[in-house]
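A.B. asks: Please find one structure pasted underneath; my questions will follow.
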Number of protein chains: 4
Amino acid sequence: MSSTKARAIAATGRPRDDAAQHAILQATAELLEEVGFDKLTIEGIAARAGVAKTTIYRWWQNKGTLALDAFLTAVSPKLAFAETDAPLADLRAQVHRVGKLYRGKTGRVLCEIIALAQADPTTREQLLEGYVLPRRLAAKACLERAVVQGALRPDIDIDTVLDAIYGPIWYRMILQHQPIEAHFIDGLLDLALQGIARPAKR
Amino acid sequence: MSSTKARAIAATGRPRDDAAQHAILQATAELLEEVGFDKLTIEGIAARAGVAKTTIYRWWQNKGTLALDAFLTAVSPKLAFAETDAPLADLRAQVHRVGKLYRGKTGRVLCEIIALAQADPTTREQLLEGYVLPRRLAAKACLERAVVQGALRPDIDIDTVLDAIYGPIWYRMILQHQPIEAHFIDGLLDLALQGIARPAKR
Amino acid sequence: MSSTKARAIAATGRPRDDAAQHAILQATAELLEEVGFDKLTIEGIAARAGVAKTTIYRWWQNKGTLALDAFLTAVSPKLAFAETDAPLADLRAQVHRVGKLYRGKTGRVLCEIIALAQADPTTREQLLEGYVLPRRLAAKACLERAVVQGALRPDIDIDTVLDAIYGPIWYRMILQHQPIEAHFIDGLLDLALQGIARPAKR
Amino acid sequence: MSSTKARAIAATGRPRDDAAQHAILQATAELLEEVGFDKLTIEGIAARAGVAKTTIYRWWQNKGTLALDAFLTAVSPKLAFAETDAPLADLRAQVHRVGKLYRGKTGRVLCEIIALAQADPTTREQLLEGYVLPRRLAAKACLERAVVQGALRPDIDIDTVLDAIYGPIWYRMILQHQPIEAHFIDGLLDLALQGIARPAKR
DNA sequence: GGCTAAGCGAGACGGTACGTCCCGTCTTAGG
DNA sequence: CCTAAGACGGGACGTACCGTCTCGCTTAGCC
């Protein structure tokens, strides 16, 4: 996807076989679900897709970019923000959607892509640029609307707030020490938005 | 460490060579720092430690368990809680220490271990049991002391609060989209402890 | 057996455990039949015999000597010569007995010991000294009696004759290109003896 | 050689690198001479040939097949039969050549291959089909010519005669209880042929 | 009865080579 | 120029046994 768009269309020669590209992404997505990223192999993908290894290497530089490509193709559309005039409600809705997604198979696959990103900077960058940052910008916009509306203090550090909301979800997704329940997400948002300090009576 | 304690002590036979075990953990820790987990190989460790590969495999089932063992041995002592009568200050100090550690090499290594844990349930469990949960218990105790002292509301969900504090740090460590500065950590703690909601009454 | 006799009996200390020795030879013989010499391992023998590896190494220097020991213990008694006053008939009877033995399991085991002897000179020597040469001497004596009786020409080279008789049998045993039938053995003896029989007086 | 011919030629893909195959056979033959079959290792061959282990395993299933292949490539040409109109002289010449060859390094290597063949039926078959039987057919033809010429009795069992000639040589090669001298070979042939020579008319 | 000495089990240890897996590159033929 | 096919050099894997070693316990004869 992202990687293929970058390539200039050659004026001559045999044209790229889109069926092959699709089969590769398909096979990758399937194998990711079935065996996990760790046991994913280029040779396995090639075999499943009925494609030569060379064809894969021609279009993706390693299995990380390929896996990420497959992941983004499948997941991206599911995490858009609504844009009503109640931005905090939009936020809450989106975070719940994120939670639901990360609770399941998608979460597992994402975890493995995160895992890969630890070893391969290219993948890390692609994960950031292609997945995390776009979503983050949307969330930022959402929070800014809330500030403008006067629902939030104007002096907040939005980056920190975003990390305070999404960080704990990723944390649970990755460590699996506690489930990512709706109740947890609500508590998290409450905490981030209201604080737990006992209001000093006076 | 954890893996070796689990093993029943044989009543007979040549006793285990502690020097060898120590050399292995030592070599592993060094190589982890030098080349990272991904490029870590059992053969390399064996060579550096002056030990046969078999000796490693006798005591650790794979390089994950070994790396984690080495990591714990090296890192655990650095993350203890102080126990003064100002628990929130103790907490803040410890979280700063965590942040400082995760900012550097140790953070990178931990990330790679996390990566591994995504593919290998054994490692995940060992990471939880041997690293995360013990620290979490200590933090919990710290917060509970704060509650008892009346510094925090008694109705808080401590698990959520813990995730709200440590989650964002791990999030930044893993994604590296923003640095883990002292300023960020303070903001995070403030956020978690006080909230960002604009106080309604005035 | 042969190897143990050589050992000086210690005046003191715990005496050798004959049960263990016997169990080792027994286990070796069994495993030789079951898995063949090639797959025979000291560790396997030790396990089967319920004995420590050290105990085996204390008494045999390698698996060759051990296997040969086991083989000789089992086979030697079966190949004696009769001593009637018809030495050529004695010979024919013994060669038939050899053929019958080599046709079966014993032949297979012997083949594997021969195989071993190719790689280990000690075993080769032990095979010669402990098995082949004694039998050869007996056969020689038999032929000499035939010469004395006037049944064979006195100018024959007995070593060549012996090789001409036993060589082809080993050849078939080892290569298995043709079966070792009674008919073959008779043909062989006829061939070898026809040329050297003292021409009937005329 | 034999093993490679069996493989169907792939219609496509990178063609087999004959230089590599040759280097492997060459290295194998050299190492066989230098260290013997027993100490021969695939890793050693790969290193000497400047080839990856996988390339060896791609074409030979084990070191036996490989060693035999190398052996045949090197030795086969040396053991052809001449075809003059004196077949018995041709035979005598060839047997002397065999004896000379088996007396030396080649004999030692052959012994070790024989040894291997005892444990591995594939090797045994390959040894028979690729080495023993072709030579045996040639020898048979030679003897048959002698029969046709009237130099041998027509009622002989050629298989037995062949075993009577070659068996004793192998026997001495394998056991090394006596040297394989020219004198021994002549005696052997005399012994085997004397009995079956057609009695000179008188 | 205590002492000395070997036999013995158990099993850890340093090693070597194994045969396998997958990598990423390459070399062909054919579309 | 793209693709399929697959051979290639390479690195590390985890395993199987090797032969050696260090233990503690056992079983004797000797003082």
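By convention here, the chains of the structure tokens are called A, B, ... in the order presented, each chain's residues are numbered starting at 1, and ligands are numbered starting at 1 in the order presented.
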Given a cut-off of 9 Å, which residues of chain A touch chain B, counting only C-alpha atoms, written out as number ranges by chain?
C.D. replies: A: 36-39, 108, 111-119, 124-125, 127-128, 132-133, 150-153, 156-157, 159-172, 174-178, 184-185, 187-188, 190-199
A.B. asks: Neighbours of region 71-87 of chain B within 8 Å (only C-alpha atoms (C1' of nucleotides); same-chain residues fewer than 2 positions away dropped), as a PyMOL selection string?
C.D. replies: chain B and resi 1+29+67-69+89-91+94+97-98+106+110+130-131+135+138-139+142-143+145-146
A.B. asks: Could you give the C-alpha RMSD in Å for chain C superposed on chain B, pairing all atoms in order?
C.D. replies: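 That gives an RMSD of 2.3 Å.
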A.B. asks: Find the nearest atom pair between each residue of chain B and chain E for residues within 12 Å, count only C-alpha atoms (C1' of nucleotides), give distances in Å to one decimal, sort rows by chain and ascending number, and present the table as a tab-separated table.
C.D. replies:
```
residue	atom	partner	partner_atom	distance
B:Ile9	CA	E:DG11	C1'	11.6
B:Ala10	CA	E:DG11	C1'	8.7
B:Ala11	CA	E:DA10	C1'	8.7
B:Thr12	CA	E:DA10	C1'	5.6
B:Gly13	CA	E:DA10	C1'	4.0
B:Arg14	CA	E:DA12	C1'	5.4
B:Pro15	CA	E:DA12	C1'	6.5
B:Arg16	CA	E:DA12	C1'	6.0
B:Asp17	CA	E:DA12	C1'	7.5
B:Asp18	CA	E:DA12	C1'	10.9
B:Ala19	CA	E:DC13	C1'	11.8
B:Ala20	CA	E:DC13	C1'	9.4
B:Gln21	CA	E:DC13	C1'	11.6
B:Ala46	CA	E:DG14	C1'	10.5
B:Ala47	CA	E:DG14	C1'	11.3
B:Ala49	CA	E:DG14	C1'	11.8
B:Gly50	CA	E:DG14	C1'	8.8
B:Val51	CA	E:DG14	C1'	6.7
B:Ala52	CA	E:DG14	C1'	5.4
B:Lys53	CA	E:DG14	C1'	8.9
B:Thr54	CA	E:DC13	C1'	8.7
B:Thr55	CA	E:DC13	C1'	7.0
B:Ile56	CA	E:DC13	C1'	10.7
B:Arg58	CA	E:DA12	C1'	9.0
B:Trp59	CA	E:DA12	C1'	10.7
```
A.B. asks: In Å, rounded to a single decimal, give me how far CA of Glu30 (chain C) is from CA of Gly107 (chain C).
C.D. replies: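 These atoms are spaced 14.8 Å apart.
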A.B. asks: Using DSSP on the backbone, list every residue of region 3-202 of chain B that comes out as alpha helix (DSSP H), and give them as a PyMOL selection string.
C.D. replies: chain B and resi 3-6+18-35+42-49+53-59+63-75+87-103+105-119+121-127+133-149+158-175+182-194
A.B. asks: Between CA of Ile45 (chain D) and CA of Leu31 (chain D), what is the distance, to one decimal in Å?
C.D. replies: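 Calculated distance between CA of Ile45 (chain D) and CA of Leu31 (chain D) is 7.4 Å.
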A.B. asks: Write out as a VMD selection string every residue belonging to chain F that has an atom at most 12 Å from any atom of chain C, counting only C-alpha atoms (C1' of nucleotides).
C.D. replies: chain F and resid 16 to 22 26 to 30
A.B. asks: Do you have the CA of Leu32 (chain A)-CA of Ala182 (chain A) distance handy?
C.D. replies: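 Going from CA of Leu32 (chain A) over to CA of Ala182 (chain A), I get 26.6 Å.
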A.B. asks: Which polymer residues have any atom within 10 Å of an atom of Gln61 (chain B), counting only C-alpha atoms (C1' of nucleotides), with same-chain residues fewer than 5 positions away left out, as a ChimeraX atom specification?
C.D. replies: /B:3,56,66,122 /F:14
A.B. asks: Can I get the selection written as a PDB file, in the first residue's frame, with C-alpha atoms (C1' of nucleotides)?
C.D. replies:
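That gives us selection.pdb:
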```pdb
ATOM      1  CA  SER B   3      13.930 -20.304  36.453  1.00  0.00           C
ATOM      2  CA  ILE B  56      22.790 -23.037  28.616  1.00  0.00           C
ATOM      3  CA  LEU B  66      17.644 -16.376  29.668  1.00  0.00           C
ATOM      4  CA  THR B 122       6.298 -18.309  28.726  1.00  0.00           C
TER       5      THR B 122
ATOM      6  C1'  DG F  14      18.033 -26.932  19.223  1.00  0.00           C
TER       7       DG F  14
END
```
